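Here is the file coords-v2.txt (compact mmCIF, C-alpha atoms).
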# COMPACT_ATOMS: atom_id res chain seq x y z
CA MET A 5 -23.42 -0.31 -34.19
CA LYS A 6 -23.78 -4.03 -34.51
CA GLY A 7 -25.42 -5.08 -31.27
CA GLY A 8 -29.06 -4.87 -30.43
CA CYS A 9 -28.79 -4.15 -26.70
CA VAL A 10 -28.99 -0.40 -27.07
CA LYS A 11 -32.40 1.25 -27.22
CA GLU A 12 -33.17 2.89 -30.56
CA ALA A 13 -33.29 6.46 -29.24
CA GLU A 14 -30.01 6.04 -27.41
CA ALA A 15 -28.43 4.26 -30.38
CA ASP A 16 -29.38 7.24 -32.53
CA LEU A 17 -27.81 9.61 -30.03
CA ILE A 18 -24.62 7.52 -29.91
CA ARG A 19 -24.43 7.44 -33.72
CA LYS A 20 -24.72 11.23 -33.84
CA ALA A 21 -22.05 11.58 -31.15
CA GLN A 22 -19.78 9.24 -33.06
CA LYS A 23 -20.14 11.48 -36.10
CA GLY A 24 -18.92 14.40 -34.00
CA ASP A 25 -22.22 16.04 -33.03
CA ASN A 26 -21.34 18.02 -29.89
CA ASN A 27 -24.96 18.37 -28.79
CA ALA A 28 -25.35 14.59 -28.85
CA ARG A 29 -22.17 14.23 -26.79
CA ASN A 30 -23.40 16.74 -24.24
CA GLU A 31 -26.74 14.96 -24.09
CA LEU A 32 -25.05 11.61 -23.41
CA VAL A 33 -22.87 13.07 -20.63
CA ASN A 34 -25.82 14.87 -19.02
CA ARG A 35 -27.96 11.76 -19.23
CA TYR A 36 -25.53 9.52 -17.36
CA TYR A 37 -23.49 11.91 -15.23
CA GLU A 38 -25.59 11.81 -12.05
CA LYS A 39 -26.01 8.04 -12.14
CA ILE A 40 -22.31 7.44 -12.67
CA TYR A 41 -21.22 9.97 -10.04
CA ARG A 42 -23.58 8.41 -7.49
CA ALA A 43 -22.16 4.94 -8.19
CA ALA A 44 -18.61 6.33 -8.08
CA PHE A 45 -19.28 7.90 -4.69
CA ARG A 46 -20.46 4.55 -3.35
CA LEU A 47 -17.67 2.56 -4.97
CA CYS A 48 -14.88 4.93 -3.90
CA GLY A 49 -15.52 4.76 -0.16
CA PHE A 50 -17.74 7.88 0.00
CA ASP A 51 -14.89 10.21 -0.94
CA ARG A 52 -16.27 13.10 -2.98
CA GLU A 53 -12.98 14.07 -4.63
CA VAL A 54 -12.02 10.55 -5.62
CA ALA A 55 -15.54 9.90 -6.91
CA PHE A 56 -15.42 13.11 -8.96
CA GLU A 57 -12.04 12.16 -10.41
CA ALA A 58 -13.22 8.63 -11.28
CA THR A 59 -16.36 10.04 -12.91
CA GLN A 60 -14.38 12.51 -15.00
CA GLU A 61 -11.99 9.75 -16.12
CA THR A 62 -14.96 7.56 -17.06
CA PHE A 63 -16.48 10.26 -19.26
CA LEU A 64 -13.10 11.09 -20.77
CA LYS A 65 -12.83 7.44 -21.78
CA LEU A 66 -16.35 7.61 -23.17
CA MET A 67 -15.34 10.56 -25.36
CA THR A 68 -12.06 9.06 -26.52
CA ARG A 69 -13.44 5.59 -27.19
CA LEU A 70 -16.91 6.41 -28.37
CA ASP A 71 -15.93 5.69 -31.98
CA SER A 72 -15.12 2.10 -31.09
CA PHE A 73 -18.36 1.54 -29.13
CA GLU A 74 -20.25 -1.14 -31.05
CA GLY A 75 -23.36 -1.40 -28.91
CA ARG A 76 -22.86 -5.01 -27.82
CA CYS A 77 -24.04 -3.90 -24.39
CA SER A 78 -25.96 -0.83 -23.28
CA LEU A 79 -24.01 2.39 -22.82
CA GLY A 80 -24.91 2.35 -19.12
CA THR A 81 -23.37 -1.11 -18.70
CA TRP A 82 -20.27 0.00 -20.59
CA LEU A 83 -19.94 3.11 -18.39
CA TYR A 84 -20.36 1.07 -15.20
CA ARG A 85 -17.58 -1.29 -16.35
CA VAL A 86 -15.20 1.60 -17.02
CA LEU A 87 -16.18 3.21 -13.73
CA ILE A 88 -15.53 0.03 -11.73
CA ASN A 89 -12.03 -0.24 -13.23
CA GLU A 90 -11.37 3.40 -12.41
CA CYS A 91 -12.62 2.99 -8.85
CA LEU A 92 -10.56 -0.14 -8.28
CA GLN A 93 -7.51 1.72 -9.56
CA GLN A 94 -8.26 4.66 -7.25
CA ARG A 95 -8.68 2.23 -4.36
CA ARG A 96 -5.30 0.65 -5.09
CA LYS A 97 -3.66 4.07 -5.29
CA ASP A 98 -5.32 5.05 -2.03
CA LYS A 99 -4.05 1.89 -0.33
CA ILE A 100 -0.48 2.61 -1.49
CA PHE A 101 -0.85 6.23 -0.39
CA ARG A 102 -2.05 5.14 3.05
CA LYS A 103 0.80 2.61 3.40
CA PHE A 104 3.26 5.35 2.48
CA LEU A 105 1.76 7.73 5.03
CA LYS A 106 1.80 5.03 7.69
CA ALA A 107 5.44 4.23 6.96
CA TRP A 108 6.54 7.86 7.10
CA PHE A 109 4.26 9.44 9.64
CA GLY A 110 3.47 6.47 11.87
CA ASN A 111 -0.05 5.85 12.84
CA GLY A 112 -2.12 8.25 10.92
CA SER A 113 -3.31 9.25 7.58
CA SER A 114 -3.42 12.96 7.25
CA ARG A 115 -5.84 12.48 4.37
CA ASN A 116 -9.21 11.58 5.74
CA LEU A 117 -11.43 9.74 3.33
CA ILE A 118 -14.36 11.56 4.78
CA GLU A 119 -14.00 15.18 5.63
CA PRO A 120 -16.98 16.43 7.54
CA SER A 121 -16.93 20.05 6.57
CA GLN A 122 -20.51 20.98 7.32
CA VAL A 123 -22.21 20.44 10.64
CA GLU A 124 -25.47 19.22 9.09
CA ASN A 125 -23.60 16.51 7.23
CA LEU A 126 -21.76 15.14 10.22
CA ALA A 127 -24.34 12.51 11.07
CA ARG A 128 -24.49 11.30 7.48
CA LYS A 129 -20.69 11.17 7.29
CA GLU A 130 -20.57 9.21 10.50
CA GLU A 131 -23.03 6.67 9.11
CA GLN A 132 -20.99 6.46 5.92
CA CYS A 133 -17.92 5.76 8.04
CA TYR A 134 -19.68 2.77 9.65
CA ILE A 135 -20.91 1.55 6.28
CA LYS A 136 -17.43 1.84 4.79
CA LYS A 137 -15.93 -0.17 7.65
CA ALA A 138 -18.57 -2.87 7.17
CA MET A 139 -18.10 -2.87 3.39
CA ASP A 140 -14.34 -3.28 3.85
CA LYS A 141 -15.05 -6.64 5.44
CA LEU A 142 -16.58 -7.93 2.19
CA SER A 143 -14.59 -9.44 -0.64
CA LYS A 144 -14.06 -7.34 -3.77
CA GLN A 145 -16.82 -9.16 -5.71
CA GLN A 146 -19.25 -9.04 -2.79
CA ARG A 147 -18.62 -5.30 -2.41
CA LEU A 148 -19.23 -4.67 -6.10
CA VAL A 149 -22.38 -6.78 -6.20
CA VAL A 150 -23.83 -5.19 -3.05
CA THR A 151 -23.08 -1.70 -4.37
CA LEU A 152 -24.60 -2.31 -7.77
CA LYS A 153 -27.58 -4.40 -6.70
CA VAL A 154 -28.52 -3.10 -3.26
CA MET A 155 -27.41 0.54 -3.42
CA GLU A 156 -27.75 1.28 -7.13
CA GLY A 157 -30.80 -0.91 -7.59
CA LEU A 158 -29.70 -2.55 -10.85
CA THR A 159 -31.20 -5.88 -11.88
CA MET A 160 -29.37 -9.18 -11.37
CA ARG A 161 -28.93 -9.45 -15.13
CA GLU A 162 -27.39 -6.00 -15.40
CA VAL A 163 -25.00 -6.70 -12.51
CA ALA A 164 -24.00 -10.02 -14.06
CA GLU A 165 -23.40 -8.32 -17.41
CA ILE A 166 -21.35 -5.51 -15.88
CA LEU A 167 -19.15 -7.83 -13.82
CA GLY A 168 -18.95 -10.53 -16.49
CA ILE A 169 -20.16 -13.31 -14.17
CA SER A 170 -23.25 -15.54 -14.09
CA GLU A 171 -26.49 -14.55 -12.33
CA GLY A 172 -25.98 -17.47 -9.95
CA ALA A 173 -22.59 -16.09 -8.94
CA VAL A 174 -24.16 -12.64 -8.45
CA LYS A 175 -26.77 -14.13 -6.12
CA SER A 176 -24.16 -16.05 -4.18
CA HIS A 177 -21.99 -12.93 -3.65
CA LEU A 178 -25.10 -10.92 -2.81
CA PHE A 179 -26.40 -13.30 -0.13
CA ARG A 180 -23.00 -13.56 1.55
CA GLY A 181 -22.55 -9.80 1.36
CA ILE A 182 -25.97 -9.07 2.86
CA ARG A 183 -25.39 -11.58 5.67
CA THR A 184 -22.06 -9.93 6.59
CA LEU A 185 -23.53 -6.43 6.41
CA LYS A 186 -26.48 -7.51 8.54
CA GLU A 187 -24.08 -8.74 11.21
CA GLU A 188 -22.00 -5.59 11.03
CA LEU A 189 -24.73 -2.98 10.64
CA GLY A 190 -27.79 -4.74 12.01
CA SER A 191 -28.19 -2.55 15.06
CA ARG A 192 -27.54 0.68 13.15
CA SER A 193 -30.04 0.00 10.37
CA GLU A 194 -32.78 -0.50 12.96
CA LEU A 195 -32.29 2.99 14.36
CA MET B 8 -45.51 -24.88 5.66
CA ARG B 9 -41.74 -24.97 5.91
CA CYS B 10 -39.88 -21.70 6.45
CA PRO B 11 -38.44 -20.34 3.23
CA ARG B 12 -34.74 -19.81 3.03
CA CYS B 13 -33.32 -16.39 3.86
CA GLU B 14 -32.41 -16.12 0.18
CA ASP B 15 -36.09 -15.83 -0.80
CA ILE B 16 -36.53 -13.01 1.68
CA TYR B 17 -33.46 -11.22 0.30
CA LEU B 18 -34.73 -11.65 -3.26
CA SER B 19 -38.20 -10.43 -2.32
CA VAL B 20 -36.81 -7.30 -0.66
CA LEU B 21 -34.71 -6.64 -3.78
CA ASP B 22 -37.68 -7.22 -6.14
CA GLU B 23 -36.06 -10.24 -7.75
CA LEU B 24 -38.50 -12.97 -6.69
CA ASP B 25 -40.89 -14.25 -9.33
CA ALA B 26 -44.63 -13.68 -8.87
CA GLY B 27 -45.53 -17.20 -7.69
CA ALA B 28 -42.77 -17.40 -5.08
CA GLU B 29 -43.57 -13.86 -3.96
CA GLU B 30 -47.19 -14.78 -3.30
CA GLU B 31 -46.11 -17.90 -1.43
CA LEU B 32 -43.71 -15.88 0.71
CA LYS B 33 -46.34 -13.25 1.55
CA THR B 34 -48.76 -15.93 2.75
CA HIS B 35 -45.99 -17.47 4.82
CA LEU B 36 -44.95 -14.15 6.37
CA GLU B 37 -48.49 -13.65 7.71
CA SER B 38 -48.15 -16.76 9.83
CA CYS B 39 -44.40 -16.85 10.68
CA ASP B 40 -43.15 -14.18 13.07
CA GLU B 41 -39.49 -15.21 12.73
CA CYS B 42 -39.48 -14.77 8.95
CA LYS B 43 -41.46 -11.54 9.23
CA LYS B 44 -38.82 -10.19 11.61
CA GLU B 45 -36.05 -11.26 9.19
CA TYR B 46 -37.93 -9.65 6.28
CA PHE B 47 -38.24 -6.28 8.03
CA GLU B 48 -34.61 -6.39 9.19
CA VAL B 49 -33.35 -6.97 5.66
CA GLN B 50 -35.71 -4.33 4.28
CA GLY B 51 -34.41 -1.90 6.94
CA LEU B 52 -30.81 -2.70 6.02
CA VAL B 53 -31.42 -2.21 2.30
CA ASN B 54 -33.20 1.13 2.85
CA TYR B 55 -30.47 2.22 5.25
CA LEU B 56 -27.76 1.40 2.69
CA ARG B 57 -29.64 3.13 -0.15
CA VAL B 58 -30.39 6.33 1.74
CA LYS B 59 -27.26 6.80 3.82
CA THR B 60 -24.83 6.22 0.96
CA LEU B 61 -26.24 8.92 -1.28
CA PRO B 62 -23.79 11.73 -1.99
CA ASP B 63 -24.84 15.00 -0.37
CA ILE B 64 -24.29 16.93 -3.60
CA ILE B 65 -23.80 16.12 -7.24
CA PRO B 66 -21.16 18.48 -8.62
CA ALA B 67 -23.13 20.81 -10.88
CA HIS B 68 -20.07 21.74 -12.96
CA GLY B 69 -19.17 18.07 -13.47
CA PRO B 70 -20.84 17.41 -16.82
CA GLN B 71 -19.49 20.65 -18.31
CA LYS B 72 -15.99 19.83 -17.09
CA ALA B 73 -16.27 16.31 -18.48
CA ILE B 74 -17.32 17.69 -21.87
CA LYS B 75 -14.61 20.37 -21.91
CA ARG B 76 -12.00 17.86 -20.82
CA ASP B 77 -12.67 15.93 -23.97
CA GLY B 78 -10.62 18.65 -25.69
CA GLY B 79 -11.62 17.64 -29.20
CA PHE B 80 -9.49 15.97 -31.82
CA PHE B 81 -6.00 16.71 -30.43
CA VAL B 82 -6.68 15.39 -26.94
CA ARG B 83 -8.29 12.27 -28.39
CA PHE B 84 -5.42 11.80 -30.85
CA PHE B 85 -2.68 12.23 -28.26
CA GLY B 86 -4.68 10.20 -25.76
CA VAL B 87 -4.42 7.27 -28.14
CA LEU B 88 -0.71 7.97 -28.66
CA LYS B 89 0.08 8.13 -24.93
CA PRO B 90 1.54 4.59 -24.65
CA ALA B 91 3.65 5.12 -27.77
CA VAL B 92 5.00 8.44 -26.46
CA ALA B 93 5.78 6.80 -23.11
CA MET B 94 7.67 4.00 -24.91
CA ILE B 95 9.72 6.49 -26.96
CA ILE B 96 10.66 8.45 -23.83
CA LEU B 97 11.70 5.21 -22.09
CA VAL B 98 13.86 4.14 -25.03
CA LEU B 99 15.51 7.59 -25.18
CA LEU B 100 16.21 7.53 -21.43
CA PHE B 101 17.71 4.05 -21.78
CA ALA B 102 19.94 5.21 -24.65
CA VAL B 103 21.15 8.26 -22.70
CA GLY B 104 21.83 6.04 -19.67
CA LEU B 105 23.84 3.65 -21.82
CA GLN B 106 25.91 6.53 -23.21
CA LEU B 107 26.64 7.84 -19.74
CA PHE B 108 27.67 4.58 -18.16
CA HIS B 109 29.10 2.80 -21.15
CA GLN B 110 32.79 1.72 -20.82
CA PRO B 111 34.61 1.53 -24.19
CA SER B 112 35.69 -2.05 -24.86
CA LEU B 113 39.47 -2.58 -25.34
CA SER B 114 41.23 -5.13 -27.51
CA PRO B 115 43.47 -7.66 -25.62
CA GLU B 116 46.63 -5.85 -26.80
CA GLU B 117 45.33 -2.49 -25.57
CA LYS B 118 44.37 -4.03 -22.24
CA GLU B 119 47.92 -5.43 -21.84
CA VAL B 120 49.40 -2.00 -22.51
CA VAL B 121 47.11 -0.39 -19.91
CA GLU B 122 47.92 -3.05 -17.29
CA ASN B 123 51.69 -2.78 -17.83
CA MET B 124 51.88 0.98 -17.97
CA GLU B 125 54.23 1.16 -14.91
CA PHE B 126 56.59 -1.38 -16.38
CA LEU B 127 56.71 0.53 -19.66
CA LYS B 128 57.61 3.71 -17.79
CA ASP B 129 60.46 1.82 -16.07
CA LEU B 130 61.68 0.60 -19.45
CA ASP B 131 61.69 4.18 -20.69
CA VAL B 132 63.84 5.25 -17.71
CA LEU B 133 66.24 2.35 -18.35
CA GLU B 134 66.59 3.33 -21.97
CA LYS B 135 67.49 6.87 -20.97
CA LEU B 136 70.07 5.56 -18.45
CA VAL B 137 71.67 3.40 -21.09
CA GLN B 138 71.94 6.41 -23.34
CA ILE B 139 73.61 8.42 -20.52
CA VAL B 140 76.01 5.62 -19.58
CA ASP B 141 76.96 4.95 -23.19
CA GLY B 142 77.64 8.63 -23.79
CA THR B 143 79.72 9.13 -20.59
CA PRO B 144 83.51 8.68 -20.96
CA GLY B 145 86.11 7.18 -18.42
CA GLU B 146 85.67 7.61 -14.69
CA HIS B 147 82.26 9.36 -15.02
CA SER B 148 81.04 6.21 -16.60
CA SER B 149 82.10 4.12 -13.55
CA ILE B 150 80.37 6.62 -11.20
CA CYS B 151 77.20 6.30 -13.24
CA ARG B 152 77.43 2.51 -13.16
CA LYS B 153 77.94 2.60 -9.39
CA HIS B 154 74.82 4.75 -8.97
CA PHE B 155 72.93 2.48 -11.31
CA ARG B 156 73.88 -0.56 -9.20
CA MET B 157 72.80 1.23 -6.04
CA ALA B 158 69.51 2.30 -7.52
CA TRP B 159 68.44 -0.86 -9.37
CA GLY B 160 70.36 -3.66 -7.62
CA ASP B 161 73.01 -6.09 -8.83
CA GLU B 162 70.63 -8.37 -10.63
CA ILE B 163 69.23 -5.73 -12.95
CA TYR B 164 72.72 -4.30 -13.40
CA SER B 165 74.08 -7.67 -14.57
CA GLU B 166 71.10 -8.06 -16.88
CA PHE B 167 71.71 -4.59 -18.18
CA LEU B 168 75.38 -5.39 -18.90
CA SER B 169 74.53 -8.63 -20.67
Write-out of the structure in structure tokens:
Amino acid sequence: MKGGCVKEAEADLIRKAQKGDNNARNELVNRYYEKIYRAAFRLCGFDREVAFEATQETFLKLMTRLDSFEGRCSLGTWLYRVLINECLQQRRKDKIFRKFLKAWFGNGSSRNLIEPSQVENLARKEEQCYIKKAMDKLSKQQRLVVTLKVMEGLTMREVAEILGISEGAVKSHLFRGIRTLKEELGSRSEL
Amino acid sequence: MRCPRCEDIYLSVLDELDAGAEEELKTHLESCDECKKEYFEVQGLVNYLRVKTLPDIIPAHGPQKAIKRDGGFFVRFFGVLKPAVAMIILVLLFAVGLQLFHQPSLSPEEKEVVENMEFLKDLDVLEKLVQIVDGTPGEHSSICRKHFRMAWGDEIYSEFLS
């Protein structure tokens, strides 16, 4: 690996994985799985199945392209980038799917993004529904920045690196996003 | 002291404000109720978004599935070849489609023959009639000629005689 952005311990693990060490591969997946799934869940409109699918695709890409990983950025940043592409793709597919359903079956979508299956989760699902509606009012960049910075708690620098934009642009998207969300969810977040 | 911009409050809530500005903001918040209210609202919103958007469960089988799905060398190898395989299939489908819908191209002479097929059939009938008339003696011949004139008209008959 050429770059110096990867911590030494992680770089060692990646090198081992690149040489075909299965334990190192397992360790990498286990290390990042929860983080990536959580981000996927937030980026994919709180849909468990879609988030799971996006996470699996992200790790499949990690396995297939690990040999070409040069360490110019951290593995976490690289995984977030892949995940964002996957989630945007899933979102596009979902939009087409919904349009198709609307065209054929009229008003509804038979596929609910959120399926409240357990009674104890209903309240949480309801809140997620409100958050999703509010998030849909943001632009794509604002949504990504708010998810990564506010929900995931990454630093400005990490968000800028993942999205390939300047820190100033991240701040600008963030402020606008927060203002919109405050208008939309202000009363709910005070509860 | 002038009220800091909302942006400083946002940055402070998100732990992105540098130490000096943070200290300045804290001092200001003690004396400004409006900014304090804004600060707590934004903090409430951020906490709300962080807590309420957490997935209820993390699939326990996920990492194992992700590792198994890797599938080793063959999956990786064919994963890389996917676009090439897709291209080959497309080219094959295109070739089969061409074969199915392709019309053989004809030379100008062949096209003329196809277009004048009816006329050629008529010529063939005429030739046979001529053979019959030529081989029919005396009065039979005049009967044949009469029928010929009736069937084909005087004009063709005169042409035929000439």
Worksheet item: Which residues come within 12 Å of Tyr84 (chain A), counting all atoms listed in the file, excluding same-chain residues fewer than 6 positions away, as a ChimeraX atom specification?
Response: /A:36-37,39-44,47,58-59,62-63,65-66,77-78,90-91,148,151-152,156,158,162-168
Discussion item. Residues near region 38-52 of chain B, anyone? I mean within 9 Å using only C-alpha atoms, not counting same-chain ones fewer than 3 positions away, as JSON, numbers by chain.
Written reply: {"A": [182, 185, 186, 189, 190, 192, 193, 194], "B": [10, 11, 13, 16, 17, 19, 20, 21, 34, 35, 55, 56, 57]}
Fill in: Shell around Ala138 (chain A) at 8 Å using only C-alpha atoms, local window under 2 positions removed, as a list in words
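Residues near the query, excluding close chain neighbours: Tyr134, Ile135, Lys136, Asp140, Lys141, Leu142, Thr184, Leu185, Glu188 and Leu189 of chain A.
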Worksheet entry | For chain B, the nearest of the candidates A:Ala15, A:Val149, A:Leu83, A:Val33, counting only C-alpha atoms |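 Distance minimum relative to chain B lands on A:Val33.
With CA of Glu166 (chain B) on one side and CA of Val121 (chain B) on the other, the separation reads 25.4 Å.
Separating CA of Thr68 (chain A) from CA of Lys89 (chain B) is a distance of 12.3 Å.
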Worksheet item: CA of Ser176 (chain A) to CA of Asp22 (chain B): how many Å, to one decimal?
Response: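 So the answer is 16.3 Å.
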Worksheet item: With distances taken over only C-alpha atoms, which of B:Leu136, B:Ala26, B:Leu32, B:Val53 is nearest to chain A?
Response: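 Residue with the minimum atom-to-atom distance to chain A: B:Val53.
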List as a JSON list (two decimals) with C-alpha atoms, keeping the file's coordinate frame the protein and nucleic acid residues near Phe73 (chain A), meaning an atom at most 9 Å away when only C-alpha atoms are counted, but skip any in the same chain fewer than 3 places from it.
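Contents of the output file result39.json:
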[["chain", "number", "residue", "atom", "x", "y", "z"],
["A", 5, "MET", "CA", -23.42, -0.31, -34.19],
["A", 18, "ILE", "CA", -24.62, 7.52, -29.91],
["A", 22, "GLN", "CA", -19.78, 9.24, -33.06],
["A", 66, "LEU", "CA", -16.35, 7.61, -23.17],
["A", 69, "ARG", "CA", -13.44, 5.59, -27.19],
["A", 70, "LEU", "CA", -16.91, 6.41, -28.37],
["A", 76, "ARG", "CA", -22.86, -5.01, -27.82],
["A", 79, "LEU", "CA", -24.01, 2.39, -22.82],
["A", 82, "TRP", "CA", -20.27, 0.00, -20.59]]
Item to complete: With a distance cut-off of 12 Å and all atoms listed in the file, select the neighbouring residues of Glu23 (chain B), excluding the residue or stretch itself and same-chain residues fewer than 5 positions from it, and output the selection as number ranges by chain.
Response: A: 153-154, 157-161, 171, 175; B: 14-18, 28-29
Item to complete: Choose the residue, out of A:Lys99, A:Lys144, A:Arg29, A:Lys11, that has the smallest atom-to-atom separation from chain B; count all atoms listed in the file.
Response: A:Arg29
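Proximity to chain A was assessed for B:Gly160, B:Arg12, B:Lys59, B:Leu24 counting all atoms listed in the file; the smallest distance is recorded for B:Lys59.
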Item to complete: Choose the residue, out of B:Glu30, B:Gln71, B:Val92, B:Glu162, that has the smallest atom-to-atom separation from Leu32 (chain A); count all atoms listed in the file.
Response: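 Ranked by minimum distance to Leu32 (chain A), first place goes to B:Gln71.
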Worksheet item: For chain A, which of B:Ile95, B:Leu113, B:Ile64, B:Leu36 is the closest residue, counting only C-alpha atoms?
Response: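 Selected residue with least distance to chain A: B:Ile64.
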Find the axis-aligned box for region 159-162 of chain A, covering all its listed atoms and adding 8 Å on each side, and write its centre and edge lengths in Å to one decimal as AutoDock Vina command-line options.
--center_x -29.3 --center_y -7.7 --center_z -13.4 --size_x 19.8 --size_y 19.6 --size_z 20.0
